[in-house]
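Reading through the structure tokens given below for one structure.
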Amino acid sequence: MQSTARVVVITGAARGIGYGIAECFATKGDRLVIADLNLAAAQAAAAKLKEEKGVGDALGLACDVADRTSVQAMVEAVVAHFGRIDVLVNNAGICPFVDVMKMAPEMWEKTLAVNLTGAFHCTQLVAEKMIAQGDGGRVVFITSLAENVTGPAQVDYGASKAGMRMTMVGFATALGKHGITCNAVAPGMILTDMTRFHWEQPGPAEHIKARVPVGRIGTPTDIGHAAVFLASPEASYISGVTLRVDGGHQACCA
Ligand SMILES: NC(=O)c1ccc[n+]([C@@H]2O[C@H](COP(=O)([O-])OP(=O)(O)OC[C@H]3O[C@@H](n4cnc5c(N)ncnc54)[C@H](O)[C@@H]3O)[C@@H](O)[C@H]2O)c1
């Protein structure tokens, strides 16, 4: 793996946590690929990273992680442009927030297709390139607090994130011999467009203060800093682990 100006592919990075992760990799001088369902937003995010964060080269590409053909096309476009891939961050995800007893089977399948199968497609297809390059690589999965605890309106989501955790562990066993590490960051409550409708209300805001020991909601760059560490040369002996970045939420029994 190159140690400078690495090529970092982040899925679902047009906004939210993915964009915060991109901002953190930008501070390391890496070259960035914003791969998102929304092409216009991905291109706008890439342009913003170049203008505001001084990224030397950032590419916005269309990619539906649930569609293997789309992932394959994205990976080929990255290699055509940059010649290699050093780091993959599996960040793209959805959370419909629908009670499990009212959930249509199609919605269940979509959550699993994007969050779980999407991470499988991206990791397998990117790892093929990393193995061919012959100098290792890094894969970081963005899971969730919901891989361990969930509620009636996040059963599909919790199942997908728990599955993602074991997908990460399994790929760690398969790819270690190629110098490719796989790890996860499990965010707690982070303020993004996915969750804003909930956390900006007074009741939930009080809940955060009561349940999160550090007393605040998380930011996308809280997650980005952890992803940068797990992708760093200093983390070369860390593989198959999940780093919880939740302000101590899961440690708290209040
Ligand atoms: N916000 C939180 O509190 C929180 C907590 C734990 C985990 N997470 C996880 O972090 C990740 C990012 O969440 P966020 O809050 O930034 O969400 P978000 O909805 O703000 O952003 C998600 C991004 O992913 C893209 N996307 C959606 N489906 C896609 C697909 N099929 N292919 C490619 N891109 C797709 C969207 O276009 C969007 O740009 C998700 O995996 C989510 O499960 C979020």
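Each chain of the structure tokens is named A, B, ... in the order shown, its residues numbered from 1; ligands are numbered from 1 in display order.
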Pro96 of chain A environment, 12 Å, only C-alpha atoms, sequence neighbours closer than 5 positions dropped, as number ranges by chain
A: 102-104, 106-112, 114-115, 152-158, 194-195
DSSP on the backbone: what in segment 66-166 of chain A comes out strand (DSSP E), as a VMD selection string?
chain A and resid 87 to 90 137 to 142
Going by DSSP on the backbone, which residues of segment 37-184 of chain A come out as alpha helix (DSSP H)? List them as JSON, numbers by chain.
{"A": [39, 40, 41, 42, 43, 44, 45, 46, 47, 48, 49, 50, 51, 52, 53, 68, 69, 70, 71, 72, 73, 74, 75, 76, 77, 78, 79, 80, 81, 82, 105, 106, 107, 108, 109, 110, 111, 118, 119, 120, 121, 122, 123, 124, 125, 126, 127, 128, 129, 130, 131, 132, 133, 155, 156, 157, 158, 159, 160, 161, 162, 163, 164, 165, 166, 167, 168, 169, 170, 171, 172, 173, 174, 175]}
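When only C-alpha atoms are used to measure the gap to Ile208 of chain A, the shortest distance among A:Gly179, A:Gly16, A:Gly188, A:Gly136 belongs to A:Gly188.
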What's the 9 Å shell around Gln133 of chain A, counting only C-alpha atoms, without same-chain residues fewer than 2 positions away, as a ChimeraX atom specification?
/A:1,84-85,128-131,135-136
Ligand 1: which residues are within 7 Å, counting only C-alpha atoms and all ligand atoms, as an MDAnalysis selection string?
chainID A and resid 11:18 35:38 63:66 91:95 114:115 142:145 186:195
Taking 5 positions as the minimum chain separation for residues in the same chain, which residues sit within 9 Å of Thr27 of chain A when counting only C-alpha atoms? Answer as a PyMOL selection string.
chain A and resi 22+53-55
Given the selection you just returned, output its residues as a file containing N, CA and C atoms, formatted as a compact mmCIF listing (two decimals), in the first residue's frame.
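What follows is the written file again.txt:
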```txt
# COMPACT_ATOMS: atom_id res chain seq x y z
N ALA A 22 -14.40 11.65 4.26
CA ALA A 22 -13.59 12.21 3.16
C ALA A 22 -12.81 13.43 3.63
N LYS A 53 -10.70 21.90 0.75
CA LYS A 53 -9.79 21.08 1.56
C LYS A 53 -8.45 20.85 0.86
N GLY A 54 -8.30 21.39 -0.33
CA GLY A 54 -7.02 21.29 -1.02
C GLY A 54 -6.66 19.89 -1.49
N VAL A 55 -7.68 19.05 -1.70
CA VAL A 55 -7.41 17.69 -2.19
C VAL A 55 -6.87 17.77 -3.62
```
Enter the distance from atom CA of Ser160 of chain A to atom CA of Thr123 of chain A, in Å, rounded to one decimal.
15.7 Å
Would you kindly return, as an MDAnalysis selection string, each protein, DNA or RNA residue with an atom no farther than 9 Å from any atom of Phe141 of chain A, considering only C-alpha atoms and excluding same-chain residues fewer than 2 positions away?
chainID A and resid 88:91 119 139 143 164:165 168 182:186 227 242
File of the preceding selection, N, CA and C atoms, as an mmCIF file, in the first residue's frame:
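Result file follows (again_18.cif):
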```cif
data_model
loop_
_atom_site.group_PDB
_atom_site.id
_atom_site.type_symbol
_atom_site.label_atom_id
_atom_site.label_comp_id
_atom_site.auth_asym_id
_atom_site.auth_seq_id
_atom_site.Cartn_x
_atom_site.Cartn_y
_atom_site.Cartn_z
ATOM 1 N N LEU A 88 -10.581 1.210 1.016
ATOM 2 C CA LEU A 88 -12.025 1.218 0.754
ATOM 3 C C LEU A 88 -12.743 1.483 2.062
ATOM 4 N N VAL A 89 -13.682 2.419 2.050
ATOM 5 C CA VAL A 89 -14.557 2.616 3.207
ATOM 6 C C VAL A 89 -15.983 2.279 2.781
ATOM 7 N N ASN A 90 -16.524 1.197 3.359
ATOM 8 C CA ASN A 90 -17.907 0.775 3.096
ATOM 9 C C ASN A 90 -18.835 1.572 3.997
ATOM 10 N N ASN A 91 -19.265 2.734 3.506
ATOM 11 C CA ASN A 91 -20.082 3.634 4.322
ATOM 12 C C ASN A 91 -21.547 3.708 3.870
ATOM 13 N N ALA A 119 -21.800 -4.051 0.929
ATOM 14 C CA ALA A 119 -20.443 -4.118 1.488
ATOM 15 C C ALA A 119 -19.700 -5.341 0.956
ATOM 16 N N VAL A 139 -9.505 -1.973 4.463
ATOM 17 C CA VAL A 139 -10.954 -1.876 4.272
ATOM 18 C C VAL A 139 -11.575 -1.516 5.620
ATOM 19 N N THR A 143 -20.355 0.342 10.509
ATOM 20 C CA THR A 143 -21.501 -0.439 10.980
ATOM 21 C C THR A 143 -22.391 0.476 11.815
ATOM 22 N N MET A 164 -23.068 -7.163 8.699
ATOM 23 C CA MET A 164 -21.894 -6.435 8.189
ATOM 24 C C MET A 164 -20.670 -6.676 9.069
ATOM 25 N N ARG A 165 -20.919 -6.723 10.390
ATOM 26 C CA ARG A 165 -19.798 -6.953 11.316
ATOM 27 C C ARG A 165 -19.145 -8.301 11.026
ATOM 28 N N MET A 168 -17.202 -8.235 7.824
ATOM 29 C CA MET A 168 -15.891 -7.616 8.060
ATOM 30 C C MET A 168 -14.917 -8.633 8.661
ATOM 31 N N CYS A 182 -9.034 -5.554 7.593
ATOM 32 C CA CYS A 182 -10.459 -5.195 7.572
ATOM 33 C C CYS A 182 -10.899 -4.909 8.995
ATOM 34 N N ASN A 183 -11.491 -3.758 9.198
ATOM 35 C CA ASN A 183 -11.970 -3.362 10.520
ATOM 36 C C ASN A 183 -13.260 -2.574 10.368
ATOM 37 N N ALA A 184 -13.926 -2.328 11.501
ATOM 38 C CA ALA A 184 -15.178 -1.564 11.455
ATOM 39 C C ALA A 184 -15.134 -0.402 12.439
ATOM 40 N N VAL A 185 -15.847 0.648 12.074
ATOM 41 C CA VAL A 185 -16.163 1.719 13.017
ATOM 42 C C VAL A 185 -17.673 1.631 13.247
ATOM 43 N N ALA A 186 -18.086 1.547 14.511
ATOM 44 C CA ALA A 186 -19.514 1.483 14.844
ATOM 45 C C ALA A 186 -19.932 2.819 15.450
ATOM 46 N N ALA A 227 -11.819 6.250 11.197
ATOM 47 C CA ALA A 227 -11.582 5.528 9.941
ATOM 48 C C ALA A 227 -10.162 5.782 9.433
ATOM 49 N N THR A 242 -13.877 -4.113 15.817
ATOM 50 C CA THR A 242 -14.826 -3.003 15.697
ATOM 51 C C THR A 242 -14.478 -1.945 16.732
#
```
Find the residues around Ala46 of chain A up to 9 Å (only C-alpha atoms counted), leave out those fewer than 3 positions away in its own chain, and share them as a ChimeraX atom specification.
/A:14,32-34,41-43,49-51,55,57-60
Those residues you just picked out, can you put them in a file as a tab-separated table (two decimals), in the first residue's frame with C-alpha atoms?
```tsv
chain	number	residue	atom	x	y	z
A	14	ALA	CA	-21.80	12.69	-1.09
A	32	LEU	CA	-10.39	10.59	-2.94
A	33	VAL	CA	-13.24	8.85	-4.72
A	34	ILE	CA	-16.76	9.85	-3.70
A	41	ALA	CA	-24.08	15.23	-5.33
A	42	ALA	CA	-20.96	13.04	-5.58
A	43	GLN	CA	-19.42	15.35	-8.17
A	49	LEU	CA	-13.08	18.77	-1.32
A	50	LYS	CA	-10.70	20.12	-3.97
A	51	GLU	CA	-11.69	23.76	-3.45
A	55	VAL	CA	-7.41	17.69	-2.19
A	57	ASP	CA	-7.47	14.86	-7.01
A	58	ALA	CA	-11.02	13.91	-6.06
A	59	LEU	CA	-13.43	12.03	-8.29
A	60	GLY	CA	-17.22	11.87	-7.94
```
